[in-house]
$ cat protein_27.txt   # compact mmCIF, C-alpha atoms
# COMPACT_ATOMS: atom_id res chain seq x y z
CA MET A 25 -11.37 2.98 19.94
CA LYS A 26 -13.75 1.47 17.44
CA MET A 27 -12.33 0.38 14.11
CA PRO A 28 -13.95 2.32 11.25
CA SER A 29 -16.37 0.37 9.09
CA PHE A 30 -15.66 0.61 5.38
CA GLY A 31 -19.11 -0.76 4.49
CA THR A 32 -20.42 -2.09 1.23
CA GLY A 33 -18.90 0.74 -0.80
CA LEU A 34 -15.38 -0.62 -0.34
CA THR A 35 -16.53 -4.15 -1.11
CA ALA A 36 -18.24 -3.13 -4.32
CA ALA A 37 -15.29 -1.09 -5.47
CA LEU A 38 -12.74 -3.77 -4.78
CA VAL A 39 -14.86 -6.46 -6.44
CA THR A 40 -14.65 -4.42 -9.63
CA ALA A 41 -10.96 -3.87 -8.86
CA LEU A 42 -9.45 -1.17 -10.99
CA THR A 43 -12.16 -0.89 -13.63
CA LEU A 44 -13.64 2.08 -11.79
CA THR A 45 -10.40 3.60 -10.63
CA LEU A 46 -9.89 6.20 -13.29
CA SER A 47 -13.44 6.49 -14.60
CA GLY A 48 -14.52 9.90 -15.75
CA CYS A 49 -11.07 11.33 -16.37
CA SER A 50 -8.34 11.15 -18.96
CA MET A 51 -5.52 10.37 -16.58
CA GLU A 52 -2.62 8.13 -17.43
CA THR A 53 -0.91 5.60 -15.20
CA THR A 54 2.70 4.45 -15.10
CA ALA A 55 3.72 0.85 -14.47
CA PRO A 56 6.55 0.49 -11.94
CA GLY A 57 8.50 -1.51 -14.51
CA SER A 58 8.10 1.27 -17.07
CA ALA A 59 9.30 3.86 -14.57
CA ARG A 60 12.31 1.69 -13.89
CA ALA A 61 13.10 1.19 -17.56
CA GLU A 62 12.82 4.91 -18.30
CA ALA A 63 14.93 6.05 -15.34
CA ALA A 64 17.67 8.53 -16.14
CA SER A 65 21.27 7.37 -15.98
CA ASP A 66 21.80 9.39 -12.80
CA ALA A 67 18.57 8.26 -11.08
CA LYS A 68 19.03 7.77 -7.34
CA GLY A 69 16.26 5.35 -6.42
CA THR A 70 17.30 2.92 -3.68
CA PHE A 71 17.59 -0.75 -4.60
CA GLY A 72 16.31 -3.47 -2.32
CA PRO A 73 17.74 -6.98 -1.97
CA VAL A 74 17.92 -7.34 -5.77
CA ASP A 75 17.94 -5.23 -8.92
CA CYS A 76 14.39 -5.61 -10.25
CA ARG A 77 15.62 -4.88 -13.78
CA LYS A 78 17.13 -8.36 -13.61
CA ALA A 79 15.16 -10.21 -10.93
CA LYS A 80 11.54 -11.36 -10.70
CA CYS A 81 10.18 -8.87 -8.18
CA ILE A 82 6.82 -8.32 -6.52
CA ALA A 83 5.67 -5.82 -3.88
CA LEU A 84 3.63 -6.88 -0.86
CA THR A 85 1.39 -4.08 0.44
CA PHE A 86 -1.05 -3.78 3.32
CA ASP A 87 -3.89 -1.27 3.62
CA ALA A 88 -5.95 0.24 6.43
CA GLY A 89 -3.80 -0.58 9.45
CA PRO A 90 -2.09 -0.73 11.73
CA GLY A 91 -4.37 -2.98 13.76
CA LYS A 92 -4.17 -5.50 16.56
CA ASP A 93 -2.74 -8.19 14.25
CA THR A 94 -0.02 -5.99 12.73
CA PRO A 95 2.63 -6.89 15.35
CA ARG A 96 2.18 -10.57 14.46
CA LEU A 97 2.48 -9.67 10.78
CA LEU A 98 5.71 -7.81 11.50
CA ASP A 99 7.03 -10.87 13.33
CA ILE A 100 6.31 -12.97 10.24
CA LEU A 101 7.96 -10.50 7.87
CA LYS A 102 11.01 -10.29 10.11
CA GLU A 103 11.30 -14.07 10.25
CA LYS A 104 10.94 -14.33 6.46
CA LYS A 105 13.32 -11.39 5.87
CA VAL A 106 10.70 -9.64 3.71
CA HIS A 107 9.98 -5.92 3.56
CA ALA A 108 6.50 -4.64 2.72
CA THR A 109 4.72 -1.34 2.12
CA PHE A 110 2.11 -0.26 4.67
CA PHE A 111 -0.60 2.23 3.63
CA LEU A 112 -1.77 3.47 7.02
CA LEU A 113 -5.04 5.05 8.08
CA GLY A 114 -4.66 8.06 10.34
CA LYS A 115 -7.44 8.72 12.82
CA HIS A 116 -8.33 5.30 14.20
CA HIS A 117 -5.08 3.50 13.46
CA VAL A 118 -1.93 5.62 13.38
CA LEU A 119 -3.13 7.50 16.47
CA LYS A 120 -4.15 4.29 18.24
CA TYR A 121 -0.98 2.29 17.49
CA PRO A 122 1.95 4.74 17.41
CA ASP A 123 4.39 2.11 18.68
CA VAL A 124 3.44 -0.18 15.80
CA VAL A 125 3.90 2.63 13.29
CA ARG A 126 7.34 3.27 14.75
CA ARG A 127 8.17 -0.42 14.54
CA ILE A 128 7.10 -0.58 10.88
CA GLU A 129 9.53 2.24 10.13
CA ASP A 130 12.34 0.89 12.31
CA GLU A 131 12.21 -2.56 10.71
CA GLY A 132 12.75 -1.21 7.21
CA HIS A 133 9.25 -1.28 5.74
CA GLU A 134 7.84 1.55 3.66
CA VAL A 135 5.38 3.68 5.63
CA ALA A 136 2.71 5.18 3.35
CA ASN A 137 -0.53 7.17 3.53
CA HIS A 138 -4.07 5.76 3.15
CA THR A 139 -5.86 8.97 4.24
CA TRP A 140 -7.18 10.09 7.61
CA THR A 141 -10.67 8.52 7.69
CA HIS A 142 -10.91 6.50 4.46
CA LYS A 143 -13.19 9.00 2.72
CA ILE A 144 -13.48 8.51 -1.03
CA LEU A 145 -11.30 11.34 -2.27
CA THR A 146 -13.08 11.82 -5.57
CA ASP A 147 -16.27 12.61 -3.62
CA GLN A 148 -14.59 15.42 -1.64
CA ASP A 149 -13.86 19.06 -2.38
CA PRO A 150 -10.19 20.07 -2.70
CA ALA A 151 -9.91 21.32 0.89
CA ALA A 152 -11.27 18.02 2.24
CA ILE A 153 -8.94 15.99 0.02
CA ARG A 154 -5.97 17.95 1.33
CA THR A 155 -7.10 17.46 4.93
CA GLU A 156 -7.51 13.69 4.48
CA LEU A 157 -3.95 13.37 3.19
CA GLU A 158 -2.17 16.08 5.13
CA ARG A 159 -3.40 15.06 8.60
CA THR A 160 -2.03 11.56 8.05
CA GLN A 161 1.26 12.97 6.75
CA VAL A 162 1.66 15.06 9.90
CA ALA A 163 0.66 12.25 12.27
CA ILE A 164 3.12 9.79 10.73
CA GLU A 165 5.93 12.34 10.69
CA LYS A 166 5.45 12.99 14.40
CA ILE A 167 6.01 9.29 15.07
CA THR A 168 8.69 8.34 12.52
CA GLY A 169 10.37 11.66 11.80
CA ARG A 170 9.54 11.34 8.08
CA LYS A 171 6.53 12.14 5.93
CA PRO A 172 5.37 9.35 3.61
CA ARG A 173 6.13 9.64 -0.09
CA LEU A 174 3.41 7.22 -1.24
CA MET A 175 -0.34 7.14 -0.85
CA ARG A 176 -3.14 4.82 -1.89
CA PRO A 177 -6.52 6.44 -2.52
CA PRO A 178 -9.42 4.59 -0.84
CA GLN A 179 -11.09 2.20 -3.26
CA GLY A 180 -8.39 3.14 -5.78
CA ARG A 181 -10.47 6.19 -6.72
CA THR A 182 -8.48 9.12 -8.04
CA ASP A 183 -8.82 12.00 -10.48
CA ASP A 184 -6.98 15.10 -11.63
CA THR A 185 -7.74 17.02 -8.45
CA VAL A 186 -6.49 14.22 -6.23
CA SER A 187 -3.35 13.97 -8.32
CA GLU A 188 -2.73 17.69 -8.18
CA ILE A 189 -3.04 17.80 -4.38
CA SER A 190 -0.95 14.64 -4.02
CA LYS A 191 1.79 16.25 -6.08
CA ASP A 192 1.70 19.34 -3.90
CA LEU A 193 2.07 17.16 -0.79
CA GLY A 194 4.93 15.13 -2.28
CA LEU A 195 2.87 11.96 -2.64
CA SER A 196 2.86 9.37 -5.43
CA GLN A 197 -0.26 7.24 -5.86
CA VAL A 198 0.03 3.44 -5.85
CA LEU A 199 -2.65 1.07 -7.15
CA TRP A 200 -2.38 -2.72 -7.37
CA SER A 201 -2.50 -5.78 -9.60
CA ALA A 202 -3.49 -8.58 -7.18
CA THR A 203 -6.13 -8.59 -4.46
CA ALA A 204 -7.53 -11.42 -2.35
CA LYS A 205 -10.78 -9.63 -1.45
CA ASP A 206 -9.79 -10.42 2.13
CA TYR A 207 -12.45 -8.00 3.39
CA ALA A 208 -15.03 -10.61 2.33
CA THR A 209 -13.53 -13.86 3.68
CA ASN A 210 -11.71 -15.18 6.72
CA ASP A 211 -10.51 -18.24 4.78
CA SER A 212 -6.72 -17.92 4.91
CA ALA A 213 -6.22 -20.74 2.43
CA LEU A 214 -8.47 -18.97 -0.08
CA ILE A 215 -6.66 -15.67 0.46
CA ARG A 216 -3.35 -17.39 -0.19
CA GLU A 217 -4.69 -19.12 -3.31
CA ARG A 218 -6.08 -15.93 -4.80
CA ILE A 219 -2.85 -14.00 -4.36
CA VAL A 220 -0.64 -16.79 -5.68
CA ASP A 221 -2.91 -17.17 -8.72
CA GLN A 222 -2.78 -13.44 -9.49
CA ALA A 223 0.93 -12.91 -8.85
CA SER A 224 2.98 -11.48 -11.70
CA LYS A 225 6.42 -10.00 -12.27
CA ASP A 226 6.50 -6.35 -11.17
CA GLY A 227 3.10 -6.82 -9.54
CA VAL A 228 1.72 -5.12 -6.45
CA ILE A 229 -0.23 -7.26 -3.98
CA LEU A 230 -3.05 -5.63 -1.99
CA LEU A 231 -3.96 -7.12 1.41
CA HIS A 232 -5.43 -5.70 4.62
CA ASP A 233 -3.77 -6.45 7.97
CA ILE A 234 -7.00 -5.60 9.83
CA TYR A 235 -8.99 -8.68 8.77
CA LYS A 236 -8.97 -11.99 10.61
CA GLY A 237 -7.90 -14.29 7.79
CA THR A 238 -5.16 -12.17 6.26
CA VAL A 239 -2.14 -12.34 8.55
CA PRO A 240 -2.32 -16.16 8.86
CA ALA A 241 -2.24 -16.35 5.05
CA VAL A 242 0.97 -14.34 4.70
CA PRO A 243 3.56 -17.09 5.46
CA GLY A 244 2.06 -19.34 2.80
CA ILE A 245 1.94 -16.51 0.26
CA ILE A 246 5.60 -15.68 0.85
CA ASP A 247 6.72 -19.30 0.74
CA ALA A 248 4.79 -20.09 -2.46
CA LEU A 249 5.95 -17.03 -4.35
CA GLN A 250 9.56 -17.35 -3.25
CA LYS A 251 9.47 -20.97 -4.43
CA ASP A 252 8.27 -19.63 -7.78
CA GLY A 253 11.29 -17.35 -8.01
CA TYR A 254 9.89 -14.07 -6.72
CA THR A 255 11.78 -11.60 -4.55
CA PHE A 256 9.70 -9.35 -2.32
CA VAL A 257 10.52 -5.65 -2.38
CA THR A 258 8.90 -2.41 -1.29
CA VAL A 259 7.10 -0.30 -3.88
CA PRO A 260 9.99 2.21 -4.25
CA GLU A 261 12.45 -0.67 -4.57
CA LEU A 262 10.27 -2.14 -7.31
CA MET A 263 10.85 0.92 -9.49
CA ALA A 264 14.51 1.56 -8.61
CA PRO A 265 16.66 3.16 -9.90
CA ALA A 266 13.70 5.44 -10.65
CA GLU A 267 12.21 7.31 -7.69
CA PRO A 268 8.48 7.75 -7.05
CA GLN A 269 7.31 10.99 -8.61
CA PRO A 270 4.75 13.05 -6.66
CA GLY A 271 1.32 13.09 -8.28
CA THR A 272 2.08 10.16 -10.59
CA ILE A 273 -0.30 7.20 -10.49
CA TYR A 274 1.58 3.89 -10.45
CA ARG A 275 -0.43 0.92 -11.64
CA PRO A 276 1.13 -2.44 -12.56

$ encode --input "protein_27.txt" --output "structure tokens"
Amino acid sequence: MKMPSFGTGLTAALVTALTLTLSGCSMETTAPGSARAEAASDAKGTFGPVDCRKAKCIALTFDAGPGKDTPRLLDILKEKKVHATFFLLGKHHVLKYPDVVRRIEDEGHEVANHTWTHKILTDQDPAAIRTELERTQVAIEKITGRKPRLMRPPQGRTDDTVSEISKDLGLSQVLWSATAKDYATNDSALIRERIVDQASKDGVILLHDIYKGTVPAVPGIIDALQKDGYTFVTVPELMAPAEPQPGTIYRP
């Protein structure tokens, strides 16, 4: 099955990072650290290897898979004892690699939604937005037994309608603070350098496990950031004891 082409639209949007993300609407975002700090005393969010209220945490996330290189990535993460968050595409990825999706779940990573066909949600009518998200929810649940609780809108584009539908489907939205623009280079050393340079406490790293240079860069990224005192956690662990709230847009 042919891998979908994201084209120049994705490149342009990611080059401008989050400056376009919330254009044209009055929406507010919540930083994971703020959600954590404001958690109620009886909040039941699950902690990871550390309490991120005290430790220097960062979340490693991968978009647009699974792909042919994802099993190798999972081997690396297992060896490094690191858990990540995977925002999966439905039609050409989840359906093509069900065993990999199951492995992601079984090995303790967070399985999340990146839509069915990578359509820009803010360009769609409400019915199409719901279809893009719901079909992926159903496909992942059939494989793992659980529906995702997180989603990442393609190109980071969201608005009030997307948020309303996400809330109805039980999905929080997760943006990012560090990107290597790995869609535009196969240079693993450059990908590593960009991520390490942009890393920050309570940050969210965006990579794509479908591009040639990305997976080989991951061991160096993990080693460098761990040496700098970071602990890798999933996105929900980053905000624990708070829990992700459906419809909320989380942006570091």

$ residues_around --input "protein_27.txt" --residues "A:Ala55" --least-positions-apart "4" --cutoff "7 Å" --atoms "all atoms listed in the file" --output "number ranges by chain"
A: 59, 274-276

$ atom_distance --input "protein_27.txt" --atom1 "atom CA of A:Lys80" --atom2 "atom CA of A:Asp252"
9.4 Å

$ residues_near_point --input "protein_27.txt" --point "(6.1, -4.4, 16.1)" --cutoff "12 Å" --atoms "only C-alpha atoms" --output "PyMOL selection string"
chain A and resi 90-102+121-133

$ residues_around --input "protein_27.txt" --residues "A:Pro270" --least-positions-apart "3" --cutoff "7 Å" --atoms "only C-alpha atoms" --output "PyMOL selection string"
chain A and resi 190-191+194-196

$ atom_distance --input "protein_27.txt" --atom1 "atom CA of A:Gly72" --atom2 "atom CA of A:Ser58"
17.5 Å

$ residues_around --input "protein_27.txt" --residues "A:Thr54" --least-positions-apart "3" --cutoff "12 Å" --atoms "only C-alpha atoms" --output "tab-separated table (two decimals) with C-alpha atoms, in the frame of the given file"
chain	number	residue	atom	x	y	z
A	51	MET	CA	-5.52	10.37	-16.58
A	57	GLY	CA	8.50	-1.51	-14.51
A	58	SER	CA	8.10	1.27	-17.07
A	59	ALA	CA	9.30	3.86	-14.57
A	60	ARG	CA	12.31	1.69	-13.89
A	61	ALA	CA	13.10	1.19	-17.56
A	62	GLU	CA	12.82	4.91	-18.30
A	196	SER	CA	2.86	9.37	-5.43
A	197	GLN	CA	-0.26	7.24	-5.86
A	198	VAL	CA	0.03	3.44	-5.85
A	199	LEU	CA	-2.65	1.07	-7.15
A	200	TRP	CA	-2.38	-2.72	-7.37
A	263	MET	CA	10.85	0.92	-9.49
A	266	ALA	CA	13.70	5.44	-10.65
A	268	PRO	CA	8.48	7.75	-7.05
A	269	GLN	CA	7.31	10.99	-8.61
A	271	GLY	CA	1.32	13.09	-8.28
A	272	THR	CA	2.08	10.16	-10.59
A	273	ILE	CA	-0.30	7.20	-10.49
A	274	TYR	CA	1.58	3.89	-10.45
A	275	ARG	CA	-0.43	0.92	-11.64
A	276	PRO	CA	1.13	-2.44	-12.56

$ residues_around --input "protein_27.txt" --residues "A:Asp233" --least-positions-apart "3" --cutoff "12 Å" --atoms "all atoms listed in the file" --output "PyMOL selection string"
chain A and resi 84-98+108-113+117+206-207+210+230+236-242

$ atom_distance --input "protein_27.txt" --atom1 "atom CA of A:Val74" --atom2 "atom CA of A:His107"
12.3 Å

$ closest_residue --input "protein_27.txt" --among "A:Pro260, A:Val118, A:Ser201, A:Asp247" --to "A:Thr160" --atoms "only C-alpha atoms"
A:Val118

$ residues_around --input "protein_27.txt" --residues "A:Leu249" --least-positions-apart "3" --cutoff "10 Å" --atoms "all atoms listed in the file" --output "VMD selection string"
chain A and resid 81 to 82 219 to 221 223 to 224 244 to 246 252 to 256

$ closest_residue --input "protein_27.txt" --among "A:Asp147, A:Glu52, A:Glu134, A:Glu165" --to "A:Val106" --atoms "all atoms listed in the file"
A:Glu134

$ build_atoms --input "protein_27.txt" --residues "stretch 255-275 of chain A" --atoms "N, CA and C atoms" --output "short mmCIF file (atom, residue, chain, number, x, y, z; two decimals), keeping the file's coordinate frame"
data_model
loop_
_atom_site.label_atom_id
_atom_site.label_comp_id
_atom_site.auth_asym_id
_atom_site.auth_seq_id
_atom_site.Cartn_x
_atom_site.Cartn_y
_atom_site.Cartn_z
N THR A 255 11.16 -12.31 -5.66
CA THR A 255 11.78 -11.60 -4.55
C THR A 255 10.84 -10.48 -4.13
N PHE A 256 10.59 -10.39 -2.84
CA PHE A 256 9.70 -9.35 -2.32
C PHE A 256 10.48 -8.06 -2.08
N VAL A 257 9.90 -6.96 -2.53
CA VAL A 257 10.52 -5.65 -2.38
C VAL A 257 9.44 -4.65 -1.98
N THR A 258 9.86 -3.48 -1.51
CA THR A 258 8.90 -2.41 -1.29
C THR A 258 8.54 -1.77 -2.63
N VAL A 259 7.50 -0.94 -2.63
CA VAL A 259 7.10 -0.30 -3.88
C VAL A 259 8.21 0.58 -4.46
N PRO A 260 8.88 1.43 -3.66
CA PRO A 260 9.99 2.21 -4.25
C PRO A 260 11.12 1.33 -4.77
N GLU A 261 11.41 0.23 -4.09
CA GLU A 261 12.45 -0.67 -4.57
C GLU A 261 12.05 -1.32 -5.88
N LEU A 262 10.74 -1.53 -6.09
CA LEU A 262 10.27 -2.14 -7.31
C LEU A 262 10.58 -1.28 -8.53
N MET A 263 10.61 0.03 -8.35
CA MET A 263 10.85 0.92 -9.49
C MET A 263 12.27 1.47 -9.54
N ALA A 264 13.12 1.11 -8.59
CA ALA A 264 14.51 1.56 -8.61
C ALA A 264 15.22 1.08 -9.88
N PRO A 265 16.08 1.94 -10.46
CA PRO A 265 16.66 3.16 -9.90
C PRO A 265 15.79 4.41 -10.03
N ALA A 266 14.61 4.30 -10.64
CA ALA A 266 13.70 5.44 -10.65
C ALA A 266 13.22 5.71 -9.23
N GLU A 267 12.79 6.94 -8.97
CA GLU A 267 12.21 7.31 -7.69
C GLU A 267 10.74 7.65 -7.90
N PRO A 268 9.90 7.38 -6.91
CA PRO A 268 8.48 7.75 -7.05
C PRO A 268 8.32 9.24 -7.29
N GLN A 269 7.52 9.59 -8.28
CA GLN A 269 7.31 10.99 -8.61
C GLN A 269 5.98 11.49 -8.04
N PRO A 270 5.99 12.54 -7.25
CA PRO A 270 4.75 13.05 -6.66
C PRO A 270 3.67 13.32 -7.70
N GLY A 271 2.45 12.89 -7.38
CA GLY A 271 1.32 13.09 -8.28
C GLY A 271 1.12 11.98 -9.29
N THR A 272 2.18 11.25 -9.61
CA THR A 272 2.08 10.16 -10.59
C THR A 272 1.27 9.01 -10.02
N ILE A 273 0.47 8.37 -10.88
CA ILE A 273 -0.30 7.20 -10.49
C ILE A 273 0.43 5.96 -11.00
N TYR A 274 0.89 5.12 -10.08
CA TYR A 274 1.58 3.89 -10.45
C TYR A 274 0.60 2.73 -10.39
N ARG A 275 0.50 2.04 -11.51
CA ARG A 275 -0.43 0.92 -11.64
C ARG A 275 0.23 -0.19 -12.44
#
